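Have a look at query08.txt below; it lists compact mmCIF, C-alpha atoms and all ligand atoms.
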# COMPACT_ATOMS: atom_id res chain seq x y z
CA MET A 1 -17.34 14.97 -39.22
CA LYS A 2 -16.88 16.50 -35.78
CA ARG A 3 -18.24 13.38 -34.15
CA ILE A 4 -15.69 11.13 -35.88
CA ALA A 5 -12.86 13.38 -34.71
CA PHE A 6 -14.17 13.12 -31.17
CA LEU A 7 -14.36 9.33 -31.33
CA THR A 8 -10.83 9.14 -32.73
CA THR A 9 -9.57 11.29 -29.87
CA LEU A 10 -11.42 9.15 -27.36
CA ALA A 11 -9.91 5.96 -28.82
CA LEU A 12 -6.43 7.48 -28.62
CA VAL A 13 -6.93 8.42 -24.97
CA LEU A 14 -8.06 4.88 -24.20
CA VAL A 15 -5.00 3.39 -25.91
CA LEU A 16 -2.67 5.73 -24.01
CA THR A 17 -4.36 4.84 -20.72
CA ALA A 18 -4.07 1.13 -21.45
CA CYS A 19 -0.36 1.49 -22.18
CA GLY A 20 0.29 3.22 -18.86
CA GLY A 21 0.04 -0.18 -17.19
CA SER A 22 2.86 0.22 -14.72
CA LYS A 23 1.21 3.28 -13.17
CA SER A 24 -2.25 1.80 -12.91
CA LEU A 25 -1.94 1.03 -9.19
CA THR A 26 -2.80 3.79 -6.74
CA VAL A 27 -2.32 3.81 -2.98
CA GLN A 28 -4.65 6.02 -0.93
CA ASN A 29 -5.77 6.77 2.63
CA VAL A 30 -2.21 6.30 3.90
CA TRP A 31 -1.52 6.67 7.65
CA ALA A 32 0.56 5.22 10.47
CA ARG A 33 0.02 4.75 14.20
CA PRO A 34 1.99 6.97 16.60
CA GLY A 35 4.90 5.13 18.21
CA VAL A 36 7.91 5.46 20.49
CA GLY A 37 11.51 5.12 19.33
CA GLY A 38 12.73 1.50 19.73
CA GLN A 39 9.18 0.13 19.67
CA ASN A 40 6.87 -0.80 16.79
CA SER A 41 4.23 0.85 14.62
CA ALA A 42 2.14 -0.05 11.59
CA VAL A 43 1.22 1.59 8.28
CA TYR A 44 -2.23 1.32 6.70
CA PHE A 45 -3.59 2.24 3.24
CA VAL A 46 -5.81 1.11 0.39
CA ILE A 47 -4.32 -0.27 -2.84
CA ASP A 48 -6.56 0.33 -5.84
CA ASN A 49 -5.89 -1.67 -9.02
CA PRO A 50 -8.26 -0.42 -11.75
CA GLY A 51 -6.28 -2.23 -14.47
CA GLY A 52 -6.90 -5.67 -15.92
CA GLN A 53 -3.63 -7.13 -14.64
CA ALA A 54 -3.31 -8.74 -11.22
CA ASP A 55 -0.22 -7.84 -9.19
CA ASN A 56 1.50 -8.85 -5.95
CA LEU A 57 2.87 -6.70 -3.14
CA LEU A 58 6.20 -8.41 -2.42
CA ASP A 59 7.87 -6.23 0.20
CA ALA A 60 8.07 -2.80 1.81
CA SER A 61 11.02 -0.74 2.97
CA SER A 62 11.65 2.42 5.00
CA ASP A 63 14.55 4.00 6.85
CA ILE A 64 12.21 4.84 9.77
CA ALA A 65 12.62 1.38 11.36
CA ASP A 66 15.19 -1.40 11.76
CA ALA A 67 12.93 -3.85 9.92
CA VAL A 68 9.81 -3.53 7.76
CA GLU A 69 7.54 -6.54 7.16
CA LEU A 70 4.21 -7.34 5.53
CA HIS A 71 1.86 -8.70 8.20
CA LYS A 72 -1.69 -9.88 8.61
CA SER A 73 -3.48 -9.84 11.94
CA GLU A 74 -5.78 -12.78 12.53
CA MET A 75 -7.92 -14.02 15.37
CA GLY A 76 -6.33 -17.16 16.84
CA ASP A 77 -8.23 -20.23 18.02
CA ASN A 78 -8.25 -18.94 21.58
CA GLY A 79 -9.54 -15.49 20.63
CA GLU A 80 -6.13 -13.83 20.81
CA MET A 81 -4.88 -11.65 17.96
CA LYS A 82 -1.76 -12.88 16.23
CA MET A 83 0.30 -11.43 13.39
CA ILE A 84 1.37 -13.59 10.49
CA HIS A 85 4.24 -12.61 8.20
CA GLN A 86 3.10 -12.51 4.55
CA GLU A 87 5.48 -13.56 1.77
CA LYS A 88 3.34 -11.63 -0.70
CA ILE A 89 -0.08 -10.03 -0.78
CA PRO A 90 -2.13 -10.52 -3.98
CA VAL A 91 -3.70 -7.42 -5.57
CA PRO A 92 -6.49 -8.65 -7.87
CA ALA A 93 -7.19 -7.07 -11.25
CA LYS A 94 -9.95 -4.45 -11.03
CA GLY A 95 -9.84 -4.82 -7.27
CA GLN A 96 -8.80 -3.25 -3.99
CA VAL A 97 -6.79 -4.43 -1.00
CA GLU A 98 -7.38 -2.65 2.28
CA PHE A 99 -4.64 -2.49 4.92
CA LYS A 100 -6.35 -1.70 8.22
CA PRO A 101 -6.13 -2.39 11.95
CA GLY A 102 -6.99 -6.07 12.52
CA GLY A 103 -5.98 -7.07 8.97
CA PHE A 104 -3.10 -6.47 6.58
CA HIS A 105 -0.50 -3.91 7.68
CA VAL A 106 3.07 -2.88 7.01
CA MET A 107 4.85 -3.55 10.32
CA LEU A 108 7.57 -1.13 11.39
CA ILE A 109 9.83 -2.99 13.83
CA GLY A 110 12.27 -1.02 15.97
CA LEU A 111 11.41 2.63 15.22
CA LYS A 112 14.48 4.83 14.86
CA ARG A 113 12.60 7.81 16.31
CA ASP A 114 9.30 8.72 17.88
CA LEU A 115 6.31 8.98 15.57
CA ASN A 116 4.01 11.75 16.77
CA PRO A 117 0.71 12.83 15.21
CA GLY A 118 1.51 15.37 12.48
CA ASP A 119 4.87 13.76 11.59
CA THR A 120 5.41 12.28 8.14
CA PHE A 121 7.90 9.74 6.83
CA GLN A 122 8.34 7.65 3.68
CA VAL A 123 7.64 3.99 2.98
CA THR A 124 8.30 2.33 -0.39
CA LEU A 125 6.10 -0.54 -1.53
CA HIS A 126 7.64 -3.08 -3.93
CA PHE A 127 5.18 -4.61 -6.39
CA GLU A 128 5.95 -7.52 -8.69
CA LYS A 129 4.66 -5.77 -11.83
CA ALA A 130 4.07 -2.11 -10.94
CA GLY A 131 7.54 -1.74 -9.40
CA ASP A 132 8.22 0.65 -6.52
CA ILE A 133 5.68 3.13 -5.18
CA THR A 134 6.92 5.52 -2.48
CA LEU A 135 4.34 6.83 -0.01
CA ASP A 136 4.38 9.94 2.17
CA VAL A 137 2.93 8.58 5.40
CA PRO A 138 1.28 10.94 7.92
CA VAL A 139 1.15 9.84 11.56
CA LYS A 140 -2.38 9.92 13.00
CA GLN A 141 -4.25 8.71 16.05
CA PRO A 142 -6.32 5.64 15.07
CU CU A 201 2.42 -6.74 12.55
As structure tokens:
Amino acid sequence: MKRIAFLTTLALVLVLTACGGSKSLTVQNVWARPGVGGQNSAVYFVIDNPGGQADNLLDASSDIADAVELHKSEMGDNGEMKMIHQEKIPVPAKGQVEFKPGGFHVMLIGLKRDLNPGDTFQVTLHFEKAGDITLDVPVKQP
């Protein structure tokens, strides 16, 4: 009898977890490059999507900079690095997307103040299905 009660509880937990769909995305390993007021910086992190539903990162916002854009760094034909504005960044079901130097990043254009190591500020990510996720971003040396 005890075993059946346990299985029932387990099934209930699984159902509750499955219903928490909008919170299934997590964002970890968040950090930003140091920067000087008026210049640019970038934010990096890892999006983890353990759920069965694919999502898209549509935009990001922050009051730390004049403009915030989703970018991808790519090697150009002549070996130079170039940054390409991304309309959206797919987050596959049961997958991860890594934002890192040389790849995807959230570009902060026109910093409103200096970003020194140890500072923190907030960035909000806007997902198509999961909605808004606000991050506390620590500034670190790469
Ligand atoms: Cu960029």
Between A:Gly79, A:Gly102, A:Gly52, A:Gly37, which residue has the minimum interatomic distance to ligand CU 201 (chain A), considering all atoms listed in the file?
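Residue with the minimum atom-to-atom distance to ligand CU 201 (chain A): A:Gly102.
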Could you list, as a ChimeraX atom specification, all protein and nucleic acid residues with an atom at most 7 Å from ligand CU 201 (chain A), counting only C-alpha atoms and all ligand atoms?
/A:42,71-73,83,105-107
Would you list the contacts of Ile89 (chain A) as a list of chain:residue names, taking every protein, DNA or RNA residue within 12 Å and counting all atoms listed in the file, but skipping same-chain residues closer than 4 positions in sequence?
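What passes the distance filter is A:Ile47, A:Ala54, A:Asp55, A:Asn56, A:Leu57, A:Leu58, A:Asp59, A:Ala60, A:Glu69, A:Leu70, A:His71, A:Lys72, A:Ile84, A:His85, A:Gln96, A:Val97, A:Glu98, A:Phe99, A:Gly103, A:Phe104, A:His105, A:Val106, A:Leu125, A:His126, A:Phe127, A:Glu128.
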Would you kindly return, as an NGL selection string, each protein, DNA or RNA residue with an atom no farther than 10 Å from any atom of Asp114 (chain A), considering only C-alpha atoms and excluding same-chain residues fewer than 2 positions away?
:A and (34-41 or 64 or 111-112 or 116-117 or 119)
Residues as selected, C-alpha atoms, written as an mmCIF file, keeping the file's coordinate frame, can you do that?
data_model
loop_
_atom_site.group_PDB
_atom_site.id
_atom_site.type_symbol
_atom_site.label_atom_id
_atom_site.label_comp_id
_atom_site.auth_asym_id
_atom_site.auth_seq_id
_atom_site.Cartn_x
_atom_site.Cartn_y
_atom_site.Cartn_z
ATOM 1 C CA PRO A 34 1.990 6.970 16.600
ATOM 2 C CA GLY A 35 4.900 5.130 18.210
ATOM 3 C CA VAL A 36 7.910 5.460 20.490
ATOM 4 C CA GLY A 37 11.510 5.120 19.330
ATOM 5 C CA GLY A 38 12.730 1.500 19.730
ATOM 6 C CA GLN A 39 9.180 0.130 19.670
ATOM 7 C CA ASN A 40 6.870 -0.800 16.790
ATOM 8 C CA SER A 41 4.230 0.850 14.620
ATOM 9 C CA ILE A 64 12.210 4.840 9.770
ATOM 10 C CA LEU A 111 11.410 2.630 15.220
ATOM 11 C CA LYS A 112 14.480 4.830 14.860
ATOM 12 C CA ASN A 116 4.010 11.750 16.770
ATOM 13 C CA PRO A 117 0.710 12.830 15.210
ATOM 14 C CA ASP A 119 4.870 13.760 11.590
#
Please measure the separation of CA of Pro101 (chain A) and CA of Trp31 (chain A), giving the value in Å to one decimal.
11.0 Å
With 10 Å as the threshold, what does the neighbourhood of (-5.3, 4.7, -3.3) contain in terms of residues, counting only C-alpha atoms? Coordinates are those of the file; answer as a PyMOL selection string.
chain A and resi 25-30+45-49+96-98
Point-to-point distance from CA of Thr134 (chain A) to CA of Asp66 (chain A), Å rounded to tenths:
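So the two atoms, CA of Thr134 (chain A) and CA of Asp66 (chain A), lie 17.9 Å apart.
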Take CA of Ser61 (chain A) and CA of Glu74 (chain A) and report the distance between them in Å, one decimal.
22.8 Å
From A:Ser24, A:Met81, A:Ala32, A:Gly76, residue lying nearest Gln141 (chain A) [all atoms listed in the file]:
A:Ala32
Neighbourhood query: residues within 9 Å of (15.2, -4.7, 12.4), file coordinates, counting all atoms listed in the file; return as a tab-separated table (two decimals) with C-alpha atoms, keeping the file's coordinate frame.
chain	number	residue	atom	x	y	z
A	65	ALA	CA	12.62	1.38	11.36
A	66	ASP	CA	15.19	-1.40	11.76
A	67	ALA	CA	12.93	-3.85	9.92
A	68	VAL	CA	9.81	-3.53	7.76
A	108	LEU	CA	7.57	-1.13	11.39
A	109	ILE	CA	9.83	-2.99	13.83
A	110	GLY	CA	12.27	-1.02	15.97
A	111	LEU	CA	11.41	2.63	15.22
Pick out the closest residue to Lys129 (chain A) from this set: A:Met75, A:Lys100, A:Ala93, A:Lys82. Count all atoms listed in the file.
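Answer, going by the shortest atom-to-atom distance: A:Ala93.
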Which residue gives the smallest distance to Thr120 (chain A) among A:Pro90, A:Asp132, A:Pro138, A:Asn78, with all atoms listed in the file counted?
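Ranked by minimum distance to Thr120 (chain A), first place goes to A:Pro138.
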Only N, CA and C atoms, as a CSV table (one decimal), in the first residue's frame: that is what I want for region 60-101 of chain A.
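Result file follows (part-v4.csv):
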chain,number,residue,atom,x,y,z
A,60,ALA,N,16.2,41.8,-25.8
A,60,ALA,CA,16.7,42.1,-24.4
A,60,ALA,C,16.6,43.6,-24.2
A,61,SER,N,16.4,43.9,-22.9
A,61,SER,CA,16.4,45.3,-22.5
A,61,SER,C,17.1,45.6,-21.2
A,62,SER,N,17.6,46.8,-21.0
A,62,SER,CA,18.3,47.2,-19.8
A,62,SER,C,18.3,48.7,-19.8
A,63,ASP,N,18.3,49.3,-18.6
A,63,ASP,CA,18.5,50.7,-18.5
A,63,ASP,C,20.0,51.1,-18.3
A,64,ILE,N,20.9,50.1,-18.5
A,64,ILE,CA,22.3,50.4,-18.3
A,64,ILE,C,22.9,51.0,-19.6
A,65,ALA,N,22.2,50.9,-20.7
A,65,ALA,CA,22.8,51.3,-22.0
A,65,ALA,C,21.7,52.0,-22.9
A,66,ASP,N,22.1,52.8,-23.8
A,66,ASP,CA,21.2,53.5,-24.7
A,66,ASP,C,20.5,52.5,-25.6
A,67,ALA,N,21.1,51.5,-26.0
A,67,ALA,CA,20.5,50.4,-26.8
A,67,ALA,C,21.0,49.1,-26.4
A,68,VAL,N,20.1,48.1,-26.6
A,68,VAL,CA,20.5,46.7,-26.2
A,68,VAL,C,20.0,45.8,-27.4
A,69,GLU,N,21.0,45.0,-27.9
A,69,GLU,CA,20.7,44.2,-29.1
A,69,GLU,C,21.2,42.8,-29.0
A,70,LEU,N,20.5,41.9,-29.7
A,70,LEU,CA,21.0,40.5,-29.7
A,70,LEU,C,22.0,40.4,-30.9
A,71,HIS,N,23.2,39.9,-30.6
A,71,HIS,CA,24.2,39.9,-31.6
A,71,HIS,C,24.8,38.5,-31.7
A,72,LYS,N,25.5,38.2,-32.9
A,72,LYS,CA,26.3,37.0,-33.0
A,72,LYS,C,27.6,37.4,-33.7
A,73,SER,N,28.7,37.1,-33.0
A,73,SER,CA,30.0,37.3,-33.6
A,73,SER,C,30.3,36.1,-34.6
A,74,GLU,N,30.8,36.5,-35.7
A,74,GLU,CA,31.2,35.5,-36.7
A,74,GLU,C,32.5,35.9,-37.4
A,75,MET,N,33.3,34.9,-37.8
A,75,MET,CA,34.5,35.1,-38.5
A,75,MET,C,34.1,35.4,-40.0
A,76,GLY,N,34.6,36.6,-40.5
A,76,GLY,CA,34.3,37.0,-41.9
A,76,GLY,C,35.2,36.3,-42.8
A,77,ASP,N,34.9,36.5,-44.1
A,77,ASP,CA,35.7,35.8,-45.2
A,77,ASP,C,37.2,36.2,-45.1
A,78,ASN,N,37.5,37.4,-44.6
A,78,ASN,CA,38.9,37.8,-44.6
A,78,ASN,C,39.5,37.6,-43.2
A,79,GLY,N,38.9,36.8,-42.4
A,79,GLY,CA,39.4,36.5,-41.1
A,79,GLY,C,39.1,37.5,-40.0
A,80,GLU,N,38.3,38.5,-40.3
A,80,GLU,CA,38.0,39.6,-39.3
A,80,GLU,C,36.7,39.2,-38.6
A,81,MET,N,36.6,39.5,-37.4
A,81,MET,CA,35.4,39.2,-36.6
A,81,MET,C,34.3,40.3,-36.9
A,82,LYS,N,33.1,39.9,-37.2
A,82,LYS,CA,32.0,40.8,-37.4
A,82,LYS,C,30.9,40.4,-36.5
A,83,MET,N,30.0,41.4,-36.2
A,83,MET,CA,28.9,41.1,-35.4
A,83,MET,C,27.6,41.3,-36.2
A,84,ILE,N,26.7,40.3,-36.1
A,84,ILE,CA,25.5,40.3,-36.9
A,84,ILE,C,24.3,40.4,-35.9
A,85,HIS,N,23.5,41.4,-36.2
A,85,HIS,CA,22.3,41.5,-35.4
A,85,HIS,C,21.3,40.4,-35.6
A,86,GLN,N,20.8,39.8,-34.5
A,86,GLN,CA,19.9,38.6,-34.6
A,86,GLN,C,18.4,39.1,-34.4
A,87,GLU,N,17.5,38.7,-35.3
A,87,GLU,CA,16.1,39.0,-35.1
A,87,GLU,C,15.6,38.2,-33.9
A,88,LYS,N,16.0,36.9,-33.9
A,88,LYS,CA,15.6,36.1,-32.8
A,88,LYS,C,16.6,34.9,-32.7
A,89,ILE,N,16.7,34.4,-31.5
A,89,ILE,CA,17.7,33.3,-31.3
A,89,ILE,C,16.9,32.1,-30.8
A,90,PRO,N,16.9,31.0,-31.6
A,90,PRO,CA,16.1,29.8,-31.2
A,90,PRO,C,16.7,29.1,-30.0
A,91,VAL,N,15.8,28.7,-29.1
A,91,VAL,CA,16.2,27.9,-27.9
A,91,VAL,C,15.5,26.5,-28.1
A,92,PRO,N,16.3,25.5,-28.5
A,92,PRO,CA,15.6,24.2,-28.8
A,92,PRO,C,15.1,23.5,-27.5
A,93,ALA,N,14.0,22.7,-27.7
A,93,ALA,CA,13.5,21.9,-26.6
A,93,ALA,C,14.6,21.0,-26.1
A,94,LYS,N,14.6,20.8,-24.8
A,94,LYS,CA,15.6,19.9,-24.2
A,94,LYS,C,17.0,20.3,-24.7
A,95,GLY,N,17.3,21.6,-24.8
A,95,GLY,CA,18.6,22.0,-25.3
A,95,GLY,C,19.2,23.2,-24.5
A,96,GLN,N,20.3,23.6,-24.9
A,96,GLN,CA,21.0,24.8,-24.3
A,96,GLN,C,21.5,25.7,-25.4
A,97,VAL,N,21.5,27.0,-25.1
A,97,VAL,CA,22.2,28.0,-26.0
A,97,VAL,C,23.2,28.7,-25.1
A,98,GLU,N,24.4,28.7,-25.6
A,98,GLU,CA,25.5,29.4,-24.9
A,98,GLU,C,25.8,30.7,-25.5
A,99,PHE,N,25.7,31.8,-24.7
A,99,PHE,CA,26.2,33.1,-25.1
A,99,PHE,C,27.6,33.3,-24.6
A,100,LYS,N,28.6,33.5,-25.5
A,100,LYS,CA,30.0,33.5,-25.0
A,100,LYS,C,30.8,34.4,-26.0
A,101,PRO,N,31.9,34.9,-25.5
A,101,PRO,CA,32.8,35.7,-26.4
A,101,PRO,C,33.0,34.9,-27.7
